[in-house]
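Q: Coordinates in run-v1.cif, mmCIF, C-alpha atoms and all ligand atoms, are listed below.
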```cif
data_model
loop_
_atom_site.label_atom_id
_atom_site.label_comp_id
_atom_site.auth_asym_id
_atom_site.auth_seq_id
_atom_site.Cartn_x
_atom_site.Cartn_y
_atom_site.Cartn_z
CA MET A 1 -33.86 42.71 -42.46
CA PRO A 2 -37.00 42.87 -44.57
CA GLU A 3 -39.57 40.28 -43.56
CA LEU A 4 -42.88 39.25 -45.15
CA PRO A 5 -44.77 42.51 -44.41
CA GLU A 6 -41.92 44.63 -45.79
CA VAL A 7 -41.68 42.49 -48.94
CA GLU A 8 -45.46 42.71 -49.31
CA THR A 9 -45.16 46.50 -49.06
CA VAL A 10 -42.40 46.61 -51.69
CA LYS A 11 -44.55 44.40 -53.94
CA GLU A 12 -47.52 46.75 -53.68
CA VAL A 13 -45.39 49.82 -54.39
CA LEU A 14 -43.80 48.18 -57.44
CA LYS A 15 -47.19 46.96 -58.71
CA GLN A 16 -48.53 50.49 -58.71
CA GLN A 17 -45.53 51.74 -60.65
CA ILE A 18 -44.17 49.26 -63.16
CA LEU A 19 -46.88 46.76 -64.08
CA ASN A 20 -47.16 46.17 -67.86
CA GLU A 21 -43.75 47.71 -68.53
CA THR A 22 -41.50 45.80 -70.93
CA ILE A 23 -37.88 45.33 -69.92
CA GLU A 24 -35.82 46.82 -72.73
CA ARG A 25 -32.34 46.57 -71.31
CA VAL A 26 -30.56 45.15 -68.28
CA ASP A 27 -27.24 46.33 -66.85
CA ILE A 28 -25.63 44.15 -64.21
CA TYR A 29 -22.81 45.71 -62.21
CA TYR A 30 -22.32 42.90 -59.70
CA ASP A 31 -22.71 39.43 -61.23
CA LYS A 32 -23.20 37.54 -57.95
CA ILE A 33 -26.63 39.11 -57.45
CA ILE A 34 -27.77 36.83 -60.29
CA ALA A 35 -27.78 33.40 -58.64
CA TYR A 36 -29.29 31.59 -61.66
CA PRO A 37 -28.64 31.36 -64.59
CA THR A 38 -25.44 33.23 -65.56
CA SER A 39 -25.72 37.01 -65.76
CA THR A 40 -25.29 36.83 -69.56
CA LEU A 41 -28.13 34.31 -69.97
CA PHE A 42 -30.23 36.29 -67.49
CA LYS A 43 -29.86 39.45 -69.57
CA GLY A 44 -30.54 37.62 -72.82
CA LYS A 45 -33.76 36.07 -71.52
CA VAL A 46 -35.20 39.00 -69.60
CA VAL A 47 -34.88 41.62 -72.34
CA GLY A 48 -38.09 41.93 -74.35
CA GLN A 49 -40.33 40.38 -71.70
CA LYS A 50 -43.22 42.28 -70.11
CA ILE A 51 -43.86 42.51 -66.37
CA ASN A 52 -47.38 41.06 -66.31
CA ALA A 53 -47.77 40.66 -62.57
CA ILE A 54 -45.79 41.08 -59.37
CA LYS A 55 -46.41 38.56 -56.61
CA ARG A 56 -44.87 37.45 -53.33
CA ARG A 57 -44.12 33.97 -52.02
CA GLY A 58 -42.52 33.93 -48.57
CA LYS A 59 -39.89 36.65 -48.74
CA TRP A 60 -39.36 36.25 -52.48
CA LEU A 61 -40.69 38.85 -54.89
CA LEU A 62 -41.95 37.30 -58.11
CA PHE A 63 -41.91 39.34 -61.30
CA VAL A 64 -44.16 37.38 -63.62
CA LEU A 65 -42.81 37.92 -67.14
CA ASP A 66 -44.09 36.46 -70.44
CA GLU A 67 -42.06 33.24 -70.37
CA ASP A 68 -40.21 33.32 -67.09
CA ILE A 69 -40.51 34.37 -63.48
CA LEU A 70 -37.84 36.60 -62.04
CA LEU A 71 -37.48 35.82 -58.33
CA SER A 72 -35.82 38.43 -56.16
CA HIS A 73 -34.81 38.08 -52.50
CA LEU A 74 -33.80 41.28 -50.71
CA ARG A 75 -31.90 39.51 -47.87
CA MET A 76 -30.50 42.16 -45.49
CA GLU A 77 -30.47 45.43 -47.36
CA GLY A 78 -31.89 44.98 -50.87
CA ARG A 79 -34.06 47.83 -52.15
CA TYR A 80 -35.77 48.82 -55.36
CA TYR A 81 -35.92 52.34 -56.69
CA ILE A 82 -37.83 53.65 -59.67
CA LYS A 83 -36.05 56.47 -61.40
CA GLU A 84 -37.93 58.74 -63.75
CA GLN A 85 -34.90 60.14 -65.49
CA LYS A 86 -31.47 59.00 -66.41
CA GLU A 87 -29.43 59.39 -63.25
CA ILE A 88 -26.03 57.92 -62.56
CA PRO A 89 -26.48 54.93 -60.25
CA SER A 90 -24.45 54.94 -57.05
CA LYS A 91 -21.95 52.15 -56.35
CA HIS A 92 -24.65 50.36 -54.34
CA VAL A 93 -26.86 49.88 -57.41
CA HIS A 94 -26.10 46.45 -58.86
CA VAL A 95 -28.81 45.84 -61.43
CA VAL A 96 -30.58 48.40 -63.62
CA PHE A 97 -33.63 47.45 -65.69
CA THR A 98 -34.51 49.97 -68.38
CA LEU A 99 -38.27 49.93 -68.96
CA SER A 100 -40.33 50.70 -72.04
CA SER A 101 -41.57 54.01 -70.55
CA GLY A 102 -37.97 55.19 -70.33
CA ARG A 103 -37.90 54.87 -66.57
CA GLU A 104 -35.44 52.62 -64.78
CA LEU A 105 -35.87 50.07 -62.02
CA TRP A 106 -32.76 50.01 -59.82
CA TYR A 107 -31.81 47.21 -57.50
CA ALA A 108 -29.55 48.56 -54.76
CA ASP A 109 -27.97 46.54 -51.99
CA THR A 110 -25.26 47.92 -49.71
CA ARG A 111 -24.33 44.46 -48.39
CA LYS A 112 -24.77 42.60 -51.70
CA PHE A 113 -26.53 39.60 -50.08
CA GLY A 114 -29.68 39.86 -52.22
CA ARG A 115 -30.19 37.35 -55.02
CA MET A 116 -32.15 37.05 -58.26
CA VAL A 117 -33.17 33.81 -59.94
CA LEU A 118 -34.79 33.45 -63.35
CA GLN A 119 -36.85 30.34 -63.98
CA ASN A 120 -39.33 29.18 -66.56
CA LYS A 121 -42.94 29.63 -65.43
CA GLU A 122 -43.65 25.90 -65.54
CA GLU A 123 -40.63 24.99 -63.43
CA VAL A 124 -40.75 27.60 -60.73
CA GLU A 125 -42.95 25.77 -58.21
CA LYS A 126 -41.02 22.52 -58.62
CA ARG A 127 -37.56 23.93 -58.05
CA ALA A 128 -35.56 25.65 -55.34
CA PRO A 129 -36.14 28.09 -53.76
CA LEU A 130 -39.97 27.95 -53.97
CA ASN A 131 -40.34 24.18 -53.58
CA ALA A 132 -38.78 24.34 -50.10
CA LEU A 133 -41.20 26.93 -48.74
CA GLY A 134 -43.87 26.13 -46.21
CA LEU A 135 -47.45 27.40 -46.27
CA GLU A 136 -48.35 31.05 -46.63
CA PRO A 137 -49.92 32.47 -43.43
CA TRP A 138 -53.31 32.79 -45.14
CA ASP A 139 -53.27 29.41 -46.84
CA GLU A 140 -56.42 27.44 -45.94
CA ALA A 141 -54.25 24.37 -45.45
CA LEU A 142 -52.61 26.03 -42.45
CA THR A 143 -54.61 24.42 -39.65
CA PRO A 144 -53.86 23.23 -36.09
CA LEU A 145 -53.80 19.66 -37.49
CA TYR A 146 -51.18 20.58 -40.10
CA LEU A 147 -48.98 22.11 -37.39
CA LYS A 148 -49.58 19.24 -34.94
CA GLU A 149 -48.35 16.79 -37.60
CA LYS A 150 -45.33 18.93 -38.56
CA LEU A 151 -44.33 19.47 -34.92
CA LYS A 152 -44.99 16.04 -33.43
CA LYS A 153 -41.31 15.07 -33.33
CA LYS A 154 -39.90 18.53 -32.75
CA THR A 155 -38.50 19.10 -29.27
CA ILE A 156 -36.85 22.36 -30.33
CA PRO A 157 -38.22 25.70 -29.03
CA ILE A 158 -41.45 26.93 -30.63
CA LYS A 159 -39.64 30.22 -31.35
CA THR A 160 -37.19 28.34 -33.61
CA VAL A 161 -40.08 26.59 -35.39
CA LEU A 162 -41.79 29.89 -36.15
CA LEU A 163 -38.62 31.07 -37.91
CA ASP A 164 -38.41 27.83 -39.95
CA GLN A 165 -39.67 28.88 -43.38
CA SER A 166 -40.27 25.27 -44.46
CA ILE A 167 -43.29 25.01 -42.13
CA VAL A 168 -44.96 28.42 -42.31
CA VAL A 169 -43.41 31.32 -44.20
CA GLY A 170 -43.27 34.92 -43.18
CA CYS A 171 -42.67 34.93 -39.44
CA GLY A 172 -39.31 36.62 -39.04
CA ASN A 173 -37.77 37.39 -35.67
CA ILE A 174 -39.76 40.49 -34.72
CA TYR A 175 -43.08 38.94 -35.69
CA ALA A 176 -42.32 35.61 -34.00
CA ASN A 177 -41.70 37.48 -30.72
CA GLU A 178 -45.00 39.32 -31.09
CA VAL A 179 -46.96 36.17 -32.02
CA LEU A 180 -45.72 34.26 -28.96
CA PHE A 181 -46.49 37.17 -26.65
CA LEU A 182 -50.06 37.44 -27.94
CA GLY A 183 -50.57 33.71 -27.46
CA LYS A 184 -48.97 33.76 -23.98
CA VAL A 185 -46.51 31.07 -25.08
CA HIS A 186 -42.97 30.96 -23.67
CA PRO A 187 -40.45 31.11 -26.56
CA LEU A 188 -38.55 28.08 -25.22
CA ARG A 189 -41.62 25.80 -25.01
CA LYS A 190 -40.86 22.55 -26.79
CA ALA A 191 -42.73 22.71 -30.08
CA ASN A 192 -44.34 19.28 -29.70
CA THR A 193 -45.93 20.20 -26.34
CA LEU A 194 -48.30 22.85 -27.72
CA THR A 195 -51.95 21.87 -27.50
CA LYS A 196 -54.35 22.01 -30.42
CA LYS A 197 -55.95 25.08 -28.86
CA GLU A 198 -52.56 26.79 -28.52
CA LEU A 199 -51.74 25.97 -32.15
CA GLU A 200 -55.08 27.39 -33.22
CA ASN A 201 -54.26 30.61 -31.34
CA LEU A 202 -50.79 30.59 -32.86
CA ILE A 203 -52.20 30.55 -36.40
CA GLN A 204 -54.68 33.30 -35.56
CA ASN A 205 -51.94 35.42 -34.05
CA ILE A 206 -49.58 34.89 -37.00
CA ARG A 207 -52.32 36.20 -39.28
CA LEU A 208 -53.22 39.03 -36.92
CA VAL A 209 -49.64 40.26 -36.45
CA LEU A 210 -48.68 40.01 -40.12
CA ALA A 211 -51.91 41.64 -41.32
CA LYS A 212 -51.39 44.53 -38.93
CA ALA A 213 -47.75 44.90 -40.00
CA ILE A 214 -48.74 44.90 -43.69
CA LYS A 215 -51.42 47.50 -42.99
CA LEU A 216 -48.82 49.71 -41.34
CA GLY A 217 -46.37 49.25 -44.24
CA GLY A 218 -44.01 46.91 -42.40
CA THR A 219 -41.47 47.76 -39.75
CA THR A 220 -38.76 50.33 -40.28
CA ILE A 221 -36.03 49.32 -37.89
CA ARG A 222 -32.53 50.72 -38.04
CA SER A 223 -31.40 50.94 -41.63
CA TYR A 224 -34.27 49.26 -43.39
CA GLU A 225 -36.91 51.05 -45.38
CA SER A 226 -38.89 49.06 -47.90
CA SER A 227 -38.51 51.31 -50.89
CA GLU A 228 -37.68 54.92 -51.54
CA GLY A 229 -39.77 57.09 -49.28
CA VAL A 230 -41.71 54.18 -47.83
CA HIS A 231 -41.47 53.95 -44.07
CA GLY A 232 -43.18 51.25 -42.10
CA ARG A 233 -45.00 52.18 -38.92
CA PHE A 234 -45.31 48.78 -37.24
CA GLN A 235 -42.35 49.60 -34.97
CA ASN A 236 -44.73 51.91 -33.10
CA ALA A 237 -47.19 49.06 -32.59
CA LEU A 238 -44.82 46.46 -31.11
CA SER A 239 -45.99 44.89 -27.86
CA ILE A 240 -42.93 42.95 -26.73
CA HIS A 241 -40.06 43.17 -29.26
CA GLU A 242 -37.42 45.60 -27.96
CA GLN A 243 -39.80 46.70 -25.18
CA GLU A 244 -38.87 47.17 -21.52
CA ILE A 245 -42.21 46.78 -19.75
CA CYS A 246 -44.96 44.28 -20.56
CA PRO A 247 -47.95 46.29 -21.85
CA SER A 248 -50.32 43.77 -20.29
CA CYS A 249 -49.02 43.24 -16.70
CA LYS A 250 -46.19 45.84 -16.39
CA GLU A 251 -43.61 43.14 -15.56
CA LYS A 252 -40.06 43.77 -16.78
CA VAL A 253 -39.55 42.24 -20.26
CA ILE A 254 -36.77 39.66 -20.50
CA LYS A 255 -34.39 39.33 -23.44
CA ILE A 256 -32.74 36.02 -24.22
CA PHE A 257 -31.18 34.55 -27.34
CA VAL A 258 -32.88 31.61 -29.04
CA GLY A 259 -30.92 30.19 -31.95
CA GLY A 260 -28.86 33.38 -31.89
CA ARG A 261 -31.89 35.64 -32.35
CA GLY A 262 -32.89 38.31 -29.83
CA THR A 263 -36.02 37.02 -28.12
CA TYR A 264 -38.21 39.18 -25.87
CA TYR A 265 -40.87 37.79 -23.57
CA CYS A 266 -42.80 38.55 -20.40
CA PRO A 267 -41.95 36.03 -17.64
CA ASN A 268 -45.35 36.63 -16.07
CA CYS A 269 -47.60 36.38 -19.17
CA GLN A 270 -45.55 33.72 -20.97
CA LYS A 271 -44.91 31.05 -18.35
CA LYS A 272 -42.94 27.99 -19.38
ZN ZN B 1 -46.82 40.43 -18.87
#
```
Would you write the structure of this file as structure tokens?
Ligand SMILES: [Zn+2]
A:
Amino acid sequence: MPELPEVETVKEVLKQQILNETIERVDIYYDKIIAYPTSTLFKGKVVGQKINAIKRRGKWLLFVLDEDILLSHLRMEGRYYIKEQKEIPSKHVHVVFTLSSGRELWYADTRKFGRMVLQNKEEVEKRAPLNALGLEPWDEALTPLYLKEKLKKKTIPIKTVLLDQSIVVGCGNIYANEVLFLGKVHPLRKANTLTKKELENLIQNIRLVLAKAIKLGGTTIRSYESSEGVHGRFQNALSIHEQEICPSCKEKVIKIFVGGRGTYYCPNCQKK
């Protein structure tokens, strides 16, 4: 599943390729990908608008058009491809944007879980999905005090809190495992028991892990690659996720499930 670093990588690749293109035509082969508005309205509004910027908020890609913002969530398997010439899209390509240069932007998704939403620029921050998102990892407002306040009544595991996108965005399962290992925090620690110092470390480690993953182009695990020909290399830099031996103390790594997600930790370095 693409997480923040992978989406960031896709964003950068798309920015280099299709910025300032005008969308001349849209073909939608699977209507459900368009979550809002209807696919007919979506087509009608998008055609003729220029792609002025491409941004990211949480795991949403934001195509900033003239009037509207096209939000795109890749979910499990969504991918974008830029095609130079007219090729016949495979059955996994669900949306095709024809651009003013004659090239095409394909949205492919083998599992069809990805979604697109089109909203007016003025409304986008006030409405779902963006209004439900927590702080970006590099937001200055993300401080130990902010977390202390958010977590004061939470007796759920800190691992679960890291995955909760309404507090801080971007820490998917792999990265949450890495962040807790770096901070020597047991994944089942009750969230409200973390000290201010531990929360400070947590924030630093979130930034550290995500920045490193972005630098390495994200993590290519199993079937996911961020875009055509783009392979992440963070999987070679993992310390604890899917590892057998702790790189720090050589203890055997333990795997448990927290909220259904595979959670790896070192019982020696991350005491409860
Ligand atoms: Zn260890």
Q: So, counting all atoms listed in the file, which residue among A:Lys121, A:Lys250, A:Arg75, A:Arg261 is closest to A:Lys159?
A: A:Arg261
Q: I need the residue nearest A:Leu238 from this list: A:Ala213, A:Ile18, A:Leu202, A:Ile254. Use only C-alpha atoms for the distance.
A: A:Ala213
Q: Find the residue from A:Trp106, A:Phe234, A:Phe257, A:Tyr265 that sits nearest to A:Lys184; use all atoms listed in the file when measuring.
A: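 Closest candidate: A:Tyr265.
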Q: Excluding A:Arg56 and its own-chain neighbours fewer than 2 positions away, which residues fall within 8 Å of it when counting all atoms listed in the file? Please give them as a list of chain:residue names.
A: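 Returned residues: A:Val7, A:Glu8, A:Lys11, A:Ile54, A:Gly58, A:Lys59, A:Trp60, A:Leu61, A:Leu62.
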Q: Go through A:Leu208, A:Ile240, A:Cys249, A:Ala191 one by one, measure the shortest atom-to-atom distance of each to A:Lys153 using all atoms listed in the file, and give the residue with the smallest value.
A: A:Ala191
Q: Near A:Ile156, counting only C-alpha atoms, which residues have an atom at most 9 Å away, once you skip same-chain residues fewer than 2 positions from it, shown as a list in words?
A: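 With the cut-off at 9 Å, the set is Lys154, Ile158, Lys159, Thr160, Val161, Leu188, Arg189, Lys190, Ala191 and Asn192 of chain A.
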Q: Using the selection just defined, write its residues with C-alpha atoms as a CSV table (one decimal), in the frame of the given file.
A:
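The resulting selection.csv:
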```csv
chain,number,residue,atom,x,y,z
A,154,LYS,CA,-39.9,18.5,-32.8
A,158,ILE,CA,-41.4,26.9,-30.6
A,159,LYS,CA,-39.6,30.2,-31.4
A,160,THR,CA,-37.2,28.3,-33.6
A,161,VAL,CA,-40.1,26.6,-35.4
A,188,LEU,CA,-38.6,28.1,-25.2
A,189,ARG,CA,-41.6,25.8,-25.0
A,190,LYS,CA,-40.9,22.6,-26.8
A,191,ALA,CA,-42.7,22.7,-30.1
A,192,ASN,CA,-44.3,19.3,-29.7
```
Q: Just want the residues within 8 Å of ligand ZN 1 (chain B), written as a PyMOL selection string, counting all atoms listed in the file.
A: chain A and resi 245-253+266-270
Q: Write out as a VMD selection string each polymer residue whose atoms come within 12 Å of stretch 31-47 of chain A, counting all atoms listed in the file; drop sequence neighbours fewer than 3 positions from it.
A: chain A and resid 21 to 28 50 to 51 63 to 75 78 92 to 100 107 to 120 127 to 129
Q: Separation of atom CA of A:Asn201 and atom CA of A:Asn131, in Å?
A: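 Distance between the two atoms: 27.0 Å.
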Q: One number please: atom CA of A:Met1 to atom CA of A:Lys271, in Å, one decimal.
A: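 Between atom CA of A:Met1 and atom CA of A:Lys271 the gap is 29.0 Å.
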Q: Which value, in Å to one decimal, gives the distance between atom CA of A:Gln49 and atom CA of A:Gln16?
A: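 One can read the atom CA of A:Gln49 to atom CA of A:Gln16 distance as 18.4 Å.
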Q: Enumerate, as a PyMOL selection string, the protein, DNA and RNA residues whose atoms approach (-46.8, 52.4, -37.3) to within 10 Å, taking into account all atoms listed in the file and the coordinate frame of the file.
A: chain A and resi 212-213+215-220+231-238
Q: Fewer than 4 positions away in the same chain doesn't count, so skip those; otherwise give me all residues within 9 Å of A:Ile82, counting all atoms listed in the file, as a list in words.
A: Leu14, Gln17, Ile18, Arg103, Glu104, Leu105, Trp106 and Glu228 of chain A
Q: Using all atoms listed in the file, what residues lie at most 9 Å away from (-55.6, 21.5, -32.2) (file coordinates), given as a PyMOL selection string?
A: chain A and resi 143-145+147-148+194-200
Q: With all atoms listed in the file as the basis for distance, which of A:Glu77, A:Glu136, A:Glu84, A:Glu242 is at the shortest distance from A:Asn173?
A: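 Residue with the minimum atom-to-atom distance to A:Asn173: A:Glu242.
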Q: Kindly indicate which residue among A:Pro187, A:Arg79, A:Lys91, A:Arg57 lies nearest to A:Leu133, using all atoms listed in the file for the distances.
A: A:Arg57
Q: Can I get N, CA and C atoms for stretch 174-202 of chain A, as a PDB file, in the first residue's frame?
A:
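In the end it all went to selection_26.pdb:
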```
ATOM      1  N   ILE A 174       4.495   0.370   8.057  1.00  0.00           N
ATOM      2  CA  ILE A 174       5.947   0.140   8.006  1.00  0.00           C
ATOM      3  C   ILE A 174       6.677   1.231   8.781  1.00  0.00           C
ATOM      4  N   TYR A 175       6.281   2.476   8.524  1.00  0.00           N
ATOM      5  CA  TYR A 175       6.974   3.617   9.123  1.00  0.00           C
ATOM      6  C   TYR A 175       6.702   3.714  10.619  1.00  0.00           C
ATOM      7  N   ALA A 176       5.486   3.364  11.029  1.00  0.00           N
ATOM      8  CA  ALA A 176       5.167   3.374  12.463  1.00  0.00           C
ATOM      9  C   ALA A 176       6.057   2.366  13.203  1.00  0.00           C
ATOM     10  N   ASN A 177       6.263   1.194  12.624  1.00  0.00           N
ATOM     11  CA  ASN A 177       7.153   0.196  13.245  1.00  0.00           C
ATOM     12  C   ASN A 177       8.563   0.745  13.389  1.00  0.00           C
ATOM     13  N   GLU A 178       9.042   1.396  12.349  1.00  0.00           N
ATOM     14  CA  GLU A 178      10.394   1.952  12.363  1.00  0.00           C
ATOM     15  C   GLU A 178      10.537   3.082  13.391  1.00  0.00           C
ATOM     16  N   VAL A 179       9.529   3.950  13.438  1.00  0.00           N
ATOM     17  CA  VAL A 179       9.544   5.099  14.354  1.00  0.00           C
ATOM     18  C   VAL A 179       9.611   4.614  15.809  1.00  0.00           C
ATOM     19  N   LEU A 180       8.798   3.618  16.154  1.00  0.00           N
ATOM     20  CA  LEU A 180       8.781   3.124  17.534  1.00  0.00           C
ATOM     21  C   LEU A 180      10.091   2.434  17.890  1.00  0.00           C
ATOM     22  N   PHE A 181      10.682   1.741  16.938  1.00  0.00           N
ATOM     23  CA  PHE A 181      11.969   1.087  17.194  1.00  0.00           C
ATOM     24  C   PHE A 181      13.048   2.130  17.491  1.00  0.00           C
ATOM     25  N   LEU A 182      13.095   3.171  16.661  1.00  0.00           N
ATOM     26  CA  LEU A 182      14.110   4.220  16.854  1.00  0.00           C
ATOM     27  C   LEU A 182      13.956   4.897  18.215  1.00  0.00           C
ATOM     28  N   GLY A 183      12.712   5.060  18.648  1.00  0.00           N
ATOM     29  CA  GLY A 183      12.468   5.741  19.918  1.00  0.00           C
ATOM     30  C   GLY A 183      12.483   4.800  21.115  1.00  0.00           C
ATOM     31  N   LYS A 184      12.764   3.514  20.866  1.00  0.00           N
ATOM     32  CA  LYS A 184      12.775   2.484  21.922  1.00  0.00           C
ATOM     33  C   LYS A 184      11.453   2.442  22.691  1.00  0.00           C
ATOM     34  N   VAL A 185      10.360   2.549  21.961  1.00  0.00           N
ATOM     35  CA  VAL A 185       9.025   2.532  22.572  1.00  0.00           C
ATOM     36  C   VAL A 185       8.311   1.237  22.173  1.00  0.00           C
ATOM     37  N   HIS A 186       7.789   0.520  23.159  1.00  0.00           N
ATOM     38  CA  HIS A 186       7.042  -0.709  22.887  1.00  0.00           C
ATOM     39  C   HIS A 186       5.738  -0.348  22.159  1.00  0.00           C
ATOM     40  N   PRO A 187       5.408  -1.073  21.090  1.00  0.00           N
ATOM     41  CA  PRO A 187       4.204  -0.710  20.313  1.00  0.00           C
ATOM     42  C   PRO A 187       2.899  -0.774  21.106  1.00  0.00           C
ATOM     43  N   LEU A 188       2.870  -1.540  22.188  1.00  0.00           N
ATOM     44  CA  LEU A 188       1.630  -1.646  22.977  1.00  0.00           C
ATOM     45  C   LEU A 188       1.571  -0.660  24.148  1.00  0.00           C
ATOM     46  N   ARG A 189       2.586   0.193  24.285  1.00  0.00           N
ATOM     47  CA  ARG A 189       2.531   1.223  25.351  1.00  0.00           C
ATOM     48  C   ARG A 189       1.242   2.028  25.205  1.00  0.00           C
ATOM     49  N   LYS A 190       0.564   2.243  26.350  1.00  0.00           N
ATOM     50  CA  LYS A 190      -0.642   3.073  26.290  1.00  0.00           C
ATOM     51  C   LYS A 190      -0.241   4.493  25.887  1.00  0.00           C
ATOM     52  N   ALA A 191      -0.961   5.038  24.913  1.00  0.00           N
ATOM     53  CA  ALA A 191      -0.559   6.315  24.317  1.00  0.00           C
ATOM     54  C   ALA A 191      -0.433   7.426  25.357  1.00  0.00           C
ATOM     55  N   ASN A 192      -1.307   7.430  26.349  1.00  0.00           N
ATOM     56  CA  ASN A 192      -1.296   8.532  27.331  1.00  0.00           C
ATOM     57  C   ASN A 192      -0.181   8.406  28.373  1.00  0.00           C
ATOM     58  N   THR A 193       0.631   7.331  28.299  1.00  0.00           N
ATOM     59  CA  THR A 193       1.717   7.186  29.279  1.00  0.00           C
ATOM     60  C   THR A 193       3.058   7.699  28.741  1.00  0.00           C
ATOM     61  N   LEU A 194       3.094   8.125  27.490  1.00  0.00           N
ATOM     62  CA  LEU A 194       4.376   8.612  26.957  1.00  0.00           C
ATOM     63  C   LEU A 194       4.734   9.970  27.557  1.00  0.00           C
ATOM     64  N   THR A 195       5.995  10.102  27.939  1.00  0.00           N
ATOM     65  CA  THR A 195       6.446  11.359  28.538  1.00  0.00           C
ATOM     66  C   THR A 195       6.668  12.404  27.441  1.00  0.00           C
ATOM     67  N   LYS A 196       6.803  13.660  27.892  1.00  0.00           N
ATOM     68  CA  LYS A 196       7.039  14.742  26.944  1.00  0.00           C
ATOM     69  C   LYS A 196       8.320  14.490  26.137  1.00  0.00           C
ATOM     70  N   LYS A 197       9.316  13.976  26.822  1.00  0.00           N
ATOM     71  CA  LYS A 197      10.596  13.676  26.159  1.00  0.00           C
ATOM     72  C   LYS A 197      10.400  12.584  25.094  1.00  0.00           C
ATOM     73  N   GLU A 198       9.618  11.551  25.462  1.00  0.00           N
ATOM     74  CA  GLU A 198       9.365  10.468  24.494  1.00  0.00           C
ATOM     75  C   GLU A 198       8.567  10.981  23.287  1.00  0.00           C
ATOM     76  N   LEU A 199       7.635  11.898  23.550  1.00  0.00           N
ATOM     77  CA  LEU A 199       6.839  12.470  22.446  1.00  0.00           C
ATOM     78  C   LEU A 199       7.713  13.334  21.538  1.00  0.00           C
ATOM     79  N   GLU A 200       8.652  14.032  22.172  1.00  0.00           N
ATOM     80  CA  GLU A 200       9.586  14.845  21.393  1.00  0.00           C
ATOM     81  C   GLU A 200      10.418  13.948  20.471  1.00  0.00           C
ATOM     82  N   ASN A 201      10.909  12.838  21.033  1.00  0.00           N
ATOM     83  CA  ASN A 201      11.661  11.868  20.227  1.00  0.00           C
ATOM     84  C   ASN A 201      10.802  11.274  19.120  1.00  0.00           C
ATOM     85  N   LEU A 202       9.548  11.022  19.478  1.00  0.00           N
ATOM     86  CA  LEU A 202       8.613  10.433  18.508  1.00  0.00           C
ATOM     87  C   LEU A 202       8.475  11.338  17.277  1.00  0.00           C
TER      88      LEU A 202
END
```
